[in-house]
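Enquirer: Input input_9.cif, format and content: mmCIF, C-alpha atoms.
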data_structure
loop_
_atom_site.label_atom_id
_atom_site.label_comp_id
_atom_site.auth_asym_id
_atom_site.auth_seq_id
_atom_site.Cartn_x
_atom_site.Cartn_y
_atom_site.Cartn_z
CA MET A 258 20.20 19.49 -23.79
CA ASP A 259 18.10 17.11 -25.80
CA PRO A 260 14.88 16.64 -23.79
CA ILE A 261 14.76 12.88 -24.49
CA ALA A 262 18.31 12.47 -23.21
CA ALA A 263 17.47 14.57 -20.15
CA LYS A 264 14.50 12.27 -19.51
CA TYR A 265 16.68 9.15 -19.49
CA ILE A 266 19.37 10.79 -17.35
CA GLY A 267 16.68 11.84 -14.90
CA ALA A 268 15.30 8.32 -14.74
CA GLY A 269 18.77 6.98 -14.00
CA LEU A 270 19.35 9.58 -11.31
CA ALA A 271 15.97 8.83 -9.73
CA CYS A 272 16.97 5.17 -9.38
CA LEU A 273 19.88 6.21 -7.14
CA GLY A 274 17.30 6.79 -4.42
CA MET A 275 16.83 3.04 -4.20
CA ALA A 276 20.32 2.75 -2.71
CA GLY A 277 18.92 4.25 0.48
CA ALA A 278 16.18 1.64 0.61
CA GLY A 279 18.83 -1.03 0.03
CA ILE A 280 20.89 0.18 2.98
CA GLY A 281 17.75 0.37 5.09
CA LEU A 282 16.59 -3.13 4.23
CA GLY A 283 20.05 -4.55 4.86
CA ASN A 284 20.13 -2.84 8.23
CA LEU A 285 16.63 -4.01 9.07
CA PHE A 286 17.14 -7.70 8.34
CA GLY A 287 20.71 -7.70 9.64
CA GLN A 288 19.68 -6.23 12.97
CA PHE A 289 16.71 -8.56 13.19
CA LEU A 290 18.92 -11.57 12.55
CA ALA A 291 21.47 -10.40 15.09
CA GLY A 292 18.74 -10.00 17.68
CA ALA A 293 17.01 -13.23 16.71
CA LEU A 294 20.19 -15.28 17.02
CA ARG A 295 20.86 -13.87 20.46
CA ASN A 296 17.38 -14.60 21.70
CA PRO A 297 15.63 -17.01 19.31
CA SER A 298 12.64 -17.49 21.60
CA ALA A 299 11.68 -13.80 21.31
CA ALA A 300 12.13 -13.69 17.53
CA ASP A 301 8.72 -15.07 16.58
CA GLY A 302 6.90 -12.30 18.42
CA GLN A 303 8.70 -9.62 16.42
CA ARG A 304 8.00 -11.03 12.96
CA GLY A 305 5.03 -8.69 12.50
CA THR A 306 7.15 -5.67 13.35
CA LEU A 307 9.81 -6.92 10.95
CA LEU A 308 7.33 -7.15 8.08
CA LEU A 309 5.90 -3.73 8.92
CA GLY A 310 9.40 -2.26 8.84
CA PHE A 311 10.08 -4.07 5.59
CA ALA A 312 6.97 -2.61 3.97
CA LEU A 313 7.66 0.92 5.23
CA THR A 314 11.30 0.83 4.10
CA GLU A 315 10.57 -0.79 0.78
CA ALA A 316 7.93 1.83 0.03
CA LEU A 317 10.59 4.57 0.09
CA GLY A 318 12.63 2.73 -2.53
CA ILE A 319 9.45 2.23 -4.54
CA PHE A 320 8.89 6.01 -4.51
CA SER A 321 12.12 6.62 -6.40
CA LEU A 322 11.49 3.69 -8.73
CA LEU A 323 8.08 5.22 -9.42
CA ILE A 324 9.66 8.54 -10.40
CA ALA A 325 12.01 6.69 -12.75
CA LEU A 326 9.19 4.69 -14.32
CA LEU A 327 6.98 7.77 -14.71
CA LEU A 328 9.86 9.60 -16.40
CA LEU A 329 10.40 6.67 -18.77
CA PHE A 330 6.82 5.92 -19.71
CA ALA A 331 4.45 8.69 -18.68
CA VAL A 332 6.31 11.96 -19.37
CA MET B 93 -0.28 -8.98 -18.99
CA ALA B 94 2.33 -10.28 -21.41
CA ALA B 95 3.89 -7.39 -23.26
CA GLY B 96 4.44 -8.16 -26.92
CA ALA B 97 7.94 -8.14 -28.34
CA ASP B 98 6.61 -5.80 -30.98
CA GLY B 99 6.18 -3.17 -28.28
CA GLY B 100 2.50 -2.89 -29.09
CA HIS B 101 1.53 -2.16 -25.49
CA SER B 102 3.21 0.33 -23.26
CA PRO B 103 3.67 -0.91 -19.68
CA ILE B 104 1.23 1.68 -18.39
CA ALA B 105 -1.59 0.79 -20.78
CA GLN B 106 -2.93 -1.60 -18.12
CA PHE B 107 -3.87 1.35 -15.89
CA GLU B 108 -6.10 2.99 -18.47
CA LEU B 109 -9.60 3.91 -17.33
CA LYS B 110 -12.31 2.77 -19.74
CA THR B 111 -15.76 4.28 -19.53
CA LEU B 112 -18.41 1.58 -19.49
CA VAL B 113 -21.54 3.64 -18.84
CA PRO B 114 -21.15 7.37 -19.53
CA LEU B 115 -22.82 9.46 -16.86
CA LYS B 116 -22.76 13.16 -16.10
CA ILE B 117 -24.08 14.66 -12.86
CA PHE B 118 -24.19 18.48 -12.83
CA GLY B 119 -21.37 18.61 -15.35
CA VAL B 120 -19.16 16.30 -13.30
CA ASP B 121 -17.96 13.21 -15.10
CA ALA B 122 -19.30 10.41 -12.89
CA SER B 123 -19.16 7.65 -15.49
CA PHE B 124 -19.23 3.99 -14.50
CA THR B 125 -15.71 2.87 -15.44
CA ASN B 126 -13.79 -0.38 -15.22
CA SER B 127 -12.42 0.95 -11.92
CA SER B 128 -15.96 1.22 -10.52
CA LEU B 129 -16.73 -2.25 -11.87
CA TYR B 130 -13.76 -3.80 -10.04
CA MET B 131 -14.59 -1.96 -6.82
CA LEU B 132 -18.16 -3.26 -7.04
CA LEU B 133 -16.82 -6.75 -7.74
CA ALA B 134 -14.49 -6.61 -4.73
CA THR B 135 -17.28 -5.40 -2.44
CA GLY B 136 -19.58 -8.14 -3.72
CA LEU B 137 -16.87 -10.78 -3.23
CA VAL B 138 -16.18 -9.67 0.34
CA ILE B 139 -19.88 -9.60 1.26
CA ALA B 140 -20.55 -12.97 -0.38
CA PHE B 141 -17.54 -14.55 1.33
CA LEU B 142 -18.37 -13.26 4.79
CA MET B 143 -22.07 -14.14 4.43
CA THR B 144 -21.42 -17.73 3.33
CA ALA B 145 -18.66 -18.16 5.88
CA MET B 146 -20.77 -17.02 8.80
CA ARG B 147 -24.10 -18.53 7.69
CA SER B 148 -23.90 -21.60 9.92
CA ARG B 149 -22.65 -19.61 12.97
CA ALA B 150 -21.32 -22.85 14.44
CA LEU B 151 -19.69 -22.82 17.86
CA VAL B 152 -16.97 -25.06 16.46
CA PRO B 153 -16.17 -23.32 13.17
CA GLY B 154 -15.88 -25.19 9.91
CA ARG B 155 -13.20 -24.53 7.34
CA ILE B 156 -14.59 -21.35 5.73
CA GLN B 157 -15.87 -20.00 9.01
CA SER B 158 -12.46 -20.28 10.66
CA VAL B 159 -10.89 -18.33 7.78
CA ALA B 160 -13.41 -15.52 8.32
CA GLU B 161 -12.82 -15.65 12.08
CA MET B 162 -9.05 -15.57 11.56
CA ILE B 163 -9.28 -12.40 9.46
CA TYR B 164 -11.60 -10.86 12.05
CA GLU B 165 -9.31 -11.76 14.96
CA PHE B 166 -6.24 -10.54 13.06
CA VAL B 167 -7.69 -7.08 12.47
CA ALA B 168 -9.24 -6.95 15.95
CA SER B 169 -5.90 -7.70 17.64
CA THR B 170 -4.19 -5.08 15.45
CA VAL B 171 -6.72 -2.46 16.58
CA ARG B 172 -6.47 -3.57 20.22
CA GLU B 173 -2.67 -3.44 20.21
CA ASN B 174 -2.40 -0.02 18.59
CA VAL B 175 -5.42 1.88 19.87
CA GLY B 176 -6.50 -0.06 22.92
CA GLU B 177 -9.93 -1.22 24.03
CA GLN B 178 -11.47 2.26 23.48
CA GLY B 179 -10.47 2.05 19.85
CA MET B 180 -12.69 -0.94 19.17
CA LYS B 181 -15.48 1.37 18.03
CA PHE B 182 -13.31 2.06 14.99
CA PHE B 183 -12.94 -1.65 14.29
CA PRO B 184 -15.57 -1.68 11.49
CA LEU B 185 -13.72 1.14 9.69
CA VAL B 186 -10.32 -0.52 9.94
CA PHE B 187 -11.71 -3.94 8.99
CA ALA B 188 -13.51 -2.50 5.96
CA LEU B 189 -10.42 -0.59 4.79
CA PHE B 190 -8.15 -3.61 5.31
CA ILE B 191 -10.29 -6.15 3.52
CA PHE B 192 -11.23 -3.74 0.70
CA VAL B 193 -7.59 -2.87 -0.05
CA LEU B 194 -6.52 -6.51 0.33
CA VAL B 195 -9.13 -7.84 -2.08
CA LEU B 196 -8.49 -5.06 -4.62
CA ASN B 197 -4.73 -5.73 -4.48
CA LEU B 198 -5.22 -9.47 -4.88
CA ILE B 199 -7.72 -9.08 -7.75
CA GLY B 200 -5.12 -6.89 -9.44
CA MET B 201 -2.63 -9.76 -9.34
CA ILE B 202 -4.76 -11.83 -11.74
CA PRO B 203 -3.29 -11.26 -15.22
CA GLY B 204 -5.45 -9.07 -17.41
CA THR B 205 -7.39 -7.47 -14.59
CA PHE B 206 -7.40 -3.85 -13.51
CA THR B 207 -5.72 -2.76 -10.27
CA VAL B 208 -7.96 -0.18 -8.65
CA THR B 209 -5.45 0.71 -5.91
CA SER B 210 -2.88 1.77 -8.53
CA HIS B 211 -4.78 5.03 -9.00
CA ILE B 212 -3.90 7.75 -6.54
CA VAL B 213 -7.42 9.15 -6.59
CA ILE B 214 -8.71 6.00 -4.88
CA THR B 215 -5.97 5.75 -2.24
CA ALA B 216 -6.06 9.50 -1.59
CA ALA B 217 -9.81 9.33 -1.00
CA MET B 218 -9.30 6.56 1.56
CA ALA B 219 -6.40 8.37 3.25
CA LEU B 220 -8.37 11.64 3.45
CA LEU B 221 -11.29 9.72 4.96
CA VAL B 222 -8.99 8.38 7.68
CA ILE B 223 -7.41 11.76 8.44
CA GLY B 224 -10.83 13.45 8.35
CA ILE B 225 -12.14 11.00 10.94
CA VAL B 226 -9.03 11.55 13.09
CA LEU B 227 -9.54 15.33 13.00
CA VAL B 228 -13.30 15.30 13.58
CA TYR B 229 -13.24 12.66 16.32
CA GLY B 230 -10.14 14.13 17.98
CA ILE B 231 -11.63 17.62 18.19
CA ALA B 232 -15.01 16.26 19.30
CA GLN B 233 -13.32 14.20 22.01
CA HIS B 234 -10.64 16.56 23.31
CA GLY B 235 -11.82 19.95 22.09
CA LEU B 236 -8.96 22.34 21.46
CA GLY B 237 -6.79 20.06 23.61
CA PHE B 238 -6.45 17.91 20.50
CA PHE B 239 -3.98 20.47 19.15
CA LYS B 240 -1.61 19.58 21.99
CA LEU B 241 -0.68 16.87 19.49
CA PHE B 242 1.48 19.50 17.82
CA VAL B 243 3.23 20.56 21.02
CA PRO B 244 5.63 17.85 22.16
CA SER B 245 5.86 17.57 25.92
CA ASP B 246 9.14 18.02 27.81
CA VAL B 247 10.72 20.16 25.10
CA PRO B 248 12.44 23.42 26.17
CA MET B 249 10.41 26.56 25.51
CA TRP B 250 12.86 28.07 23.03
CA LEU B 251 12.67 24.97 20.82
CA LEU B 252 8.89 25.17 20.42
CA PRO B 253 8.90 27.69 17.49
CA ILE B 254 10.89 25.09 15.55
CA MET B 255 9.18 21.94 16.85
CA VAL B 256 5.56 23.02 16.32
CA PRO B 257 5.89 23.73 12.58
CA ILE B 258 7.73 20.42 12.17
CA GLU B 259 4.93 18.56 13.96
CA VAL B 260 2.29 20.36 11.86
CA ILE B 261 4.09 19.51 8.63
CA SER B 262 4.49 15.90 9.70
CA PHE B 263 0.75 15.73 10.44
CA ILE B 264 -0.15 17.24 7.07
CA SER B 265 2.14 14.84 5.23
CA ARG B 266 0.39 11.83 6.79
CA PRO B 267 -2.44 11.51 4.25
CA ILE B 268 0.07 12.13 1.44
CA SER B 269 2.45 9.39 2.54
CA LEU B 270 -0.41 7.03 3.38
CA SER B 271 -1.94 7.32 -0.08
CA VAL B 272 1.28 7.52 -2.09
CA ARG B 273 2.73 4.44 -0.33
CA LEU B 274 -0.10 2.17 -1.44
CA PHE B 275 -0.48 3.69 -4.89
CA ALA B 276 3.25 3.73 -5.66
CA ASN B 277 3.75 0.13 -4.54
CA MET B 278 0.95 -1.11 -6.75
CA LEU B 279 1.87 1.03 -9.75
CA ALA B 280 5.61 0.34 -9.68
CA GLY B 281 5.08 -3.35 -8.96
CA HIS B 282 2.76 -3.88 -11.90
CA ILE B 283 4.95 -1.84 -14.27
CA ALA B 284 8.03 -3.84 -13.21
CA LEU B 285 6.16 -7.13 -13.74
CA LYS B 286 5.13 -6.06 -17.20
CA ILE B 287 8.61 -4.87 -18.16
CA PHE B 288 10.23 -8.15 -17.12
CA ALA B 289 7.49 -10.10 -18.89
CA GLY B 290 8.30 -7.98 -21.95
CA PHE B 291 11.97 -9.06 -21.76
CA VAL B 292 10.85 -12.68 -22.21
CA GLY B 293 9.00 -11.75 -25.38
CA THR B 294 11.92 -9.72 -26.71
CA LEU B 295 14.42 -12.54 -26.10
CA VAL B 296 12.23 -15.26 -27.63
CA PHE B 297 12.22 -13.36 -30.92
CA ALA B 298 15.92 -12.45 -30.74
CA GLY B 299 17.40 -15.38 -32.69
CA ALA B 300 20.19 -17.18 -30.86
CA TRP B 301 19.58 -15.15 -27.70
CA LYS B 302 16.47 -17.26 -27.28
CA VAL B 303 18.41 -19.51 -24.85
CA LEU B 304 18.48 -16.65 -22.36
CA ALA B 305 14.68 -16.27 -22.30
CA PRO B 306 14.15 -18.49 -19.20
CA LEU B 307 16.16 -16.03 -17.09
CA PRO B 308 13.68 -13.13 -17.17
CA LEU B 309 10.88 -15.70 -17.00
CA ALA B 310 12.24 -17.01 -13.67
CA LEU B 311 12.64 -13.43 -12.50
CA THR B 312 9.01 -12.71 -13.41
CA VAL B 313 7.87 -15.72 -11.37
CA GLY B 314 9.90 -14.50 -8.38
CA LEU B 315 8.62 -10.97 -8.82
CA THR B 316 5.04 -12.24 -8.93
CA ALA B 317 5.59 -13.97 -5.57
CA LEU B 318 7.04 -10.73 -4.16
CA GLU B 319 4.06 -8.80 -5.51
CA PHE B 320 1.66 -11.14 -3.69
CA LEU B 321 3.60 -10.46 -0.47
CA VAL B 322 3.50 -6.72 -1.15
CA ALA B 323 -0.24 -6.83 -1.94
CA ALA B 324 -1.04 -8.39 1.45
CA LEU B 325 1.57 -6.38 3.33
CA GLN B 326 0.45 -3.00 1.99
CA ALA B 327 -3.13 -3.73 3.01
CA TYR B 328 -1.81 -4.56 6.50
CA VAL B 329 0.38 -1.43 6.58
CA PHE B 330 -2.59 0.70 5.58
CA ALA B 331 -4.63 -0.79 8.43
CA VAL B 332 -1.81 -0.43 10.99
CA LEU B 333 -1.12 3.19 10.08
CA THR B 334 -4.86 3.93 10.25
CA CYS B 335 -4.80 2.51 13.79
CA ILE B 336 -1.74 4.56 14.76
CA TYR B 337 -3.35 7.77 13.50
CA LEU B 338 -6.65 6.91 15.23
CA ASN B 339 -4.68 6.41 18.45
CA ASP B 340 -3.84 10.15 18.40
CA ALA B 341 -7.53 10.98 18.11
CA VAL B 342 -8.63 8.59 20.84
CA HIS B 343 -5.92 9.26 23.40
CA GLY B 344 -4.99 12.83 22.56
CA GLY B 345 -1.46 13.95 22.00
CA HIS B 346 0.89 12.79 24.69
CA HIS B 347 4.12 11.61 23.27
#
Translate the structure of the given file into structure tokens.

Expert:
Amino acid sequence: MDPIAAKYIGAGLACLGMAGAGIGLGNLFGQFLAGALRNPSAADGQRGTLLLGFALTEALGIFSLLIALLLLFAV
Amino acid sequence: MAAGADGGHSPIAQFELKTLVPLKIFGVDASFTNSSLYMLLATGLVIAFLMTAMRSRALVPGRIQSVAEMIYEFVASTVRENVGEQGMKFFPLVFALFIFVLVLNLIGMIPGTFTVTSHIVITAAMALLVIGIVLVYGIAQHGLGFFKLFVPSDVPMWLLPIMVPIEVISFISRPISLSVRLFANMLAGHIALKIFAGFVGTLVFAGAWKVLAPLPLALTVGLTALEFLVAALQAYVFAVLTCIYLNDAVHGGHH
């Protein structure tokens, strides 16, 4: 296979990993909203945990984006 | 920051290290680079800010002093929540790591500057420092009992040959994930910003397609806001994870 083509295919495949982060973030905010609407008075105390979860989940999507970007520009 | 439509700059050119003062110590390249310059700048900024903020030492804080006290209280409550009162002796470490990463991330958001935390060598050094302290302090505090960390309690005997290697691997991967998380967020964020900024340039010079140029511009503005959130959040995550790992060293492994 042409190495350049393989590079671009690899970058595209690497981006698929971001689907997992998408599912995770949807789950995270959906569950938070469901909980927050049931008990709005407790929601404010959990905002820090929410942001921590957001950062940890988002980082996993960033890992795959990083692989794609490195394949595109650094390899 | 703005990538030319001519494609003159690759999106990763912004991460290039430039040697300012060449220096060799015993054959090791220890040159003063733009990375060192920005680290020095961040340290100077932090020291100058905290010194001016706390100079008056008023009982009723003024505007700058309350900002400094807010940052202090924020980190202190994070340490207290995650490690407990015994962990407060690690407060200076966590505070220094938090504010150093935060200031470096925020300096990197100024167009045209260099983002120190987008180099894995910097984040890996900080992560190894944290894990090294956890190991040294944990063994000094609990002796060989520290290694109970790798043996989960209330697990049936026959599961241990599987569980212990898993726990060991998860411990070893801590410094890797800690450093790669910060570095990857900064690197990917800045590359994405530059690519979308490049789309604006490409569209402006694309004849009739010029009308579409505001779209990537709006996206770049939104992405910049997200990057500011990520810059602060990743500094916080680094501090929180440091606290969680220190908790193992302070309280030994019972989970």

Enquirer: Counting all atoms listed in the file, note down every residue that has an atom within 12 Å of the point (-16.5, -9.0, -4.2) (file coordinates), as a ChimeraX atom specification.

Expert: /B:129-143,191-196,198-199

Enquirer: Write out, as CSV, each residue of chain A that has an atom at most 8 Å from chain B, together with the closest pair of atoms and their distance in Å to one decimal, counting all atoms listed in the file, rows going by chain and rising number.

Expert:
residue,atom,partner,partner_atom,distance
A:Leu308,CA,B:Leu325,CA,7.5
A:Leu309,CA,B:Val329,CA,6.4
A:Ala312,CA,B:Leu325,CA,6.6
A:Leu313,CA,B:Val329,CA,7.8
A:Ala316,CA,B:Arg273,CA,5.8
A:Leu317,CA,B:Arg273,CA,7.9
A:Ile319,CA,B:Asn277,CA,6.1
A:Phe320,CA,B:Ala276,CA,6.2
A:Leu322,CA,B:Ala280,CA,6.8
A:Leu323,CA,B:Ala280,CA,5.5
A:Leu326,CA,B:Ala280,CA,7.3
A:Phe330,CA,B:Ile104,CA,7.1
A:Ala331,CA,B:Ile104,CA,7.7

Enquirer: Can you write just those residues out, C-alpha atoms, as a compact mmCIF listing (two decimals), in the coordinates of the input?

Expert:
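Generated file (selection-v5.txt):
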# COMPACT_ATOMS: atom_id res chain seq x y z
CA LEU A 308 7.33 -7.15 8.08
CA LEU A 309 5.90 -3.73 8.92
CA ALA A 312 6.97 -2.61 3.97
CA LEU A 313 7.66 0.92 5.23
CA ALA A 316 7.93 1.83 0.03
CA LEU A 317 10.59 4.57 0.09
CA ILE A 319 9.45 2.23 -4.54
CA PHE A 320 8.89 6.01 -4.51
CA LEU A 322 11.49 3.69 -8.73
CA LEU A 323 8.08 5.22 -9.42
CA LEU A 326 9.19 4.69 -14.32
CA PHE A 330 6.82 5.92 -19.71
CA ALA A 331 4.45 8.69 -18.68

Enquirer: Name the residues captured by the PyMOL selection byres ((chain A and resi 261-277) around 10) when it is applied to the shown file; answer as a PyMOL selection string.

Expert: chain A and resi 258-260+278-283+314-330+332

Enquirer: For each of B:Ala122, B:Thr334, B:Arg155, B:Leu109, take the minimum atom-to-atom distance to His211 (chain B), counting all atoms listed in the file, then give the residue where this is smallest.

Expert: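 Closest to His211 (chain B) of all the choices is B:Leu109.
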
Enquirer: Would you compute the distance between CA of Phe166 (chain B) and CA of Gly344 (chain B)? Give it in Å to one decimal.

Expert: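 The value is 25.3 Å.
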
Enquirer: Quick one: everything within 7 Å of region 308-315 of chain B, counting all atoms listed in the file, minus sequence neighbours fewer than 4 positions away in the same chain. Send it as an MDAnalysis selection string.

Expert: chainID B and resid 285 288:289 291:292 319

Enquirer: For CA of Pro253 (chain B) and CA of Tyr229 (chain B), quote the distance in Å rounded to one decimal.

Expert: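 According to the coordinates, CA of Pro253 (chain B) and CA of Tyr229 (chain B) are separated by 26.8 Å.
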
Enquirer: Around the point (-14.2, -4.6, 12.1) in the file's coordinates, collect all residues with an atom within 12 Å, using all atoms listed in the file, and return them as a list in words.

Expert: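 In the file's frame, the residues around the point are Ala160, Glu161, Ile163, Tyr164, Glu165, Phe166, Val167, Ala168, Ser169, Thr170, Val171, Arg172, Gly179, Met180, Lys181, Phe182, Phe183, Pro184, Leu185, Val186, Phe187, Ala188, Leu189, Phe190, Ile191, Phe192, Ala331 and Cys335 of chain B.
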
Enquirer: As an exercise, work out the distance from CA of Pro203 (chain B) to CA of Ser123 (chain B) in Å and give it to one decimal place.

Expert: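 Answer for the CA of Pro203 (chain B) to CA of Ser123 (chain B) separation: 24.7 Å.
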
Enquirer: Name the residues that the PyMOL selection byres ((chain B and resi 126) around 8) picks from the file above, as an NGL selection string, using the file's chain letters and numbers.

Expert: :B and (109-112 or 124-125 or 127-130 or 206)

Enquirer: List the spatial neighbours of Leu295 (chain B) as a PDB file with C-alpha atoms, in the frame of the given file - criterion: any atom at most 10 Å away, only C-alpha atoms, same-chain residues fewer than 3 positions off excluded.

Expert:
ATOM      1  CA  ALA B  97       7.940  -8.140 -28.340  1.00  0.00           C
ATOM      2  CA  GLY B 290       8.300  -7.980 -21.950  1.00  0.00           C
ATOM      3  CA  PHE B 291      11.970  -9.060 -21.760  1.00  0.00           C
ATOM      4  CA  VAL B 292      10.850 -12.680 -22.210  1.00  0.00           C
ATOM      5  CA  ALA B 298      15.920 -12.450 -30.740  1.00  0.00           C
ATOM      6  CA  GLY B 299      17.400 -15.380 -32.690  1.00  0.00           C
ATOM      7  CA  ALA B 300      20.190 -17.180 -30.860  1.00  0.00           C
ATOM      8  CA  TRP B 301      19.580 -15.150 -27.700  1.00  0.00           C
ATOM      9  CA  LYS B 302      16.470 -17.260 -27.280  1.00  0.00           C
ATOM     10  CA  VAL B 303      18.410 -19.510 -24.850  1.00  0.00           C
ATOM     11  CA  LEU B 304      18.480 -16.650 -22.360  1.00  0.00           C
ATOM     12  CA  ALA B 305      14.680 -16.270 -22.300  1.00  0.00           C
ATOM     13  CA  PRO B 306      14.150 -18.490 -19.200  1.00  0.00           C
ATOM     14  CA  LEU B 307      16.160 -16.030 -17.090  1.00  0.00           C
ATOM     15  CA  PRO B 308      13.680 -13.130 -17.170  1.00  0.00           C
TER      16      PRO B 308
END

Enquirer: So that I can see what lies close to Leu220 (chain B), please list as a list in words the residues with an atom at most 10 Å from it, counting all atoms listed in the file and leaving out residues fewer than 2 positions away in the same chain.

Expert: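 Everything that qualifies: Thr215, Ala216, Ala217, Met218, Val222, Ile223, Gly224, Ile225, Val226, Arg266, Pro267, Ile268, Leu270 and Ser271 of chain B.
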
Enquirer: Take the PyMOL selection byres ((chain B and resi 241) around 10), apply it to the structure above, and return the hits as an mmCIF file with C-alpha atoms, in the coordinates of the input.

Expert:
data_model
loop_
_atom_site.group_PDB
_atom_site.id
_atom_site.type_symbol
_atom_site.label_atom_id
_atom_site.label_comp_id
_atom_site.auth_asym_id
_atom_site.auth_seq_id
_atom_site.Cartn_x
_atom_site.Cartn_y
_atom_site.Cartn_z
ATOM 1 C CA GLY B 230 -10.140 14.130 17.980
ATOM 2 C CA GLY B 237 -6.790 20.060 23.610
ATOM 3 C CA PHE B 238 -6.450 17.910 20.500
ATOM 4 C CA PHE B 239 -3.980 20.470 19.150
ATOM 5 C CA LYS B 240 -1.610 19.580 21.990
ATOM 6 C CA PHE B 242 1.480 19.500 17.820
ATOM 7 C CA VAL B 243 3.230 20.560 21.020
ATOM 8 C CA PRO B 244 5.630 17.850 22.160
ATOM 9 C CA SER B 245 5.860 17.570 25.920
ATOM 10 C CA VAL B 256 5.560 23.020 16.320
ATOM 11 C CA GLU B 259 4.930 18.560 13.960
ATOM 12 C CA VAL B 260 2.290 20.360 11.860
ATOM 13 C CA PHE B 263 0.750 15.730 10.440
ATOM 14 C CA ASP B 340 -3.840 10.150 18.400
ATOM 15 C CA ALA B 341 -7.530 10.980 18.110
ATOM 16 C CA GLY B 344 -4.990 12.830 22.560
ATOM 17 C CA GLY B 345 -1.460 13.950 22.000
ATOM 18 C CA HIS B 346 0.890 12.790 24.690
ATOM 19 C CA HIS B 347 4.120 11.610 23.270
#

Enquirer: Using 3 Å of padding on each side, determine the axis-aligned box around all atoms of region 211-214 of chain B present in the file and give its centre and edge lengths in Å to one decimal, as JSON.

Expert:
{"center_x": -6.3, "center_y": 7.1, "center_z": -6.9, "size_x": 10.8, "size_y": 10.1, "size_z": 10.1}
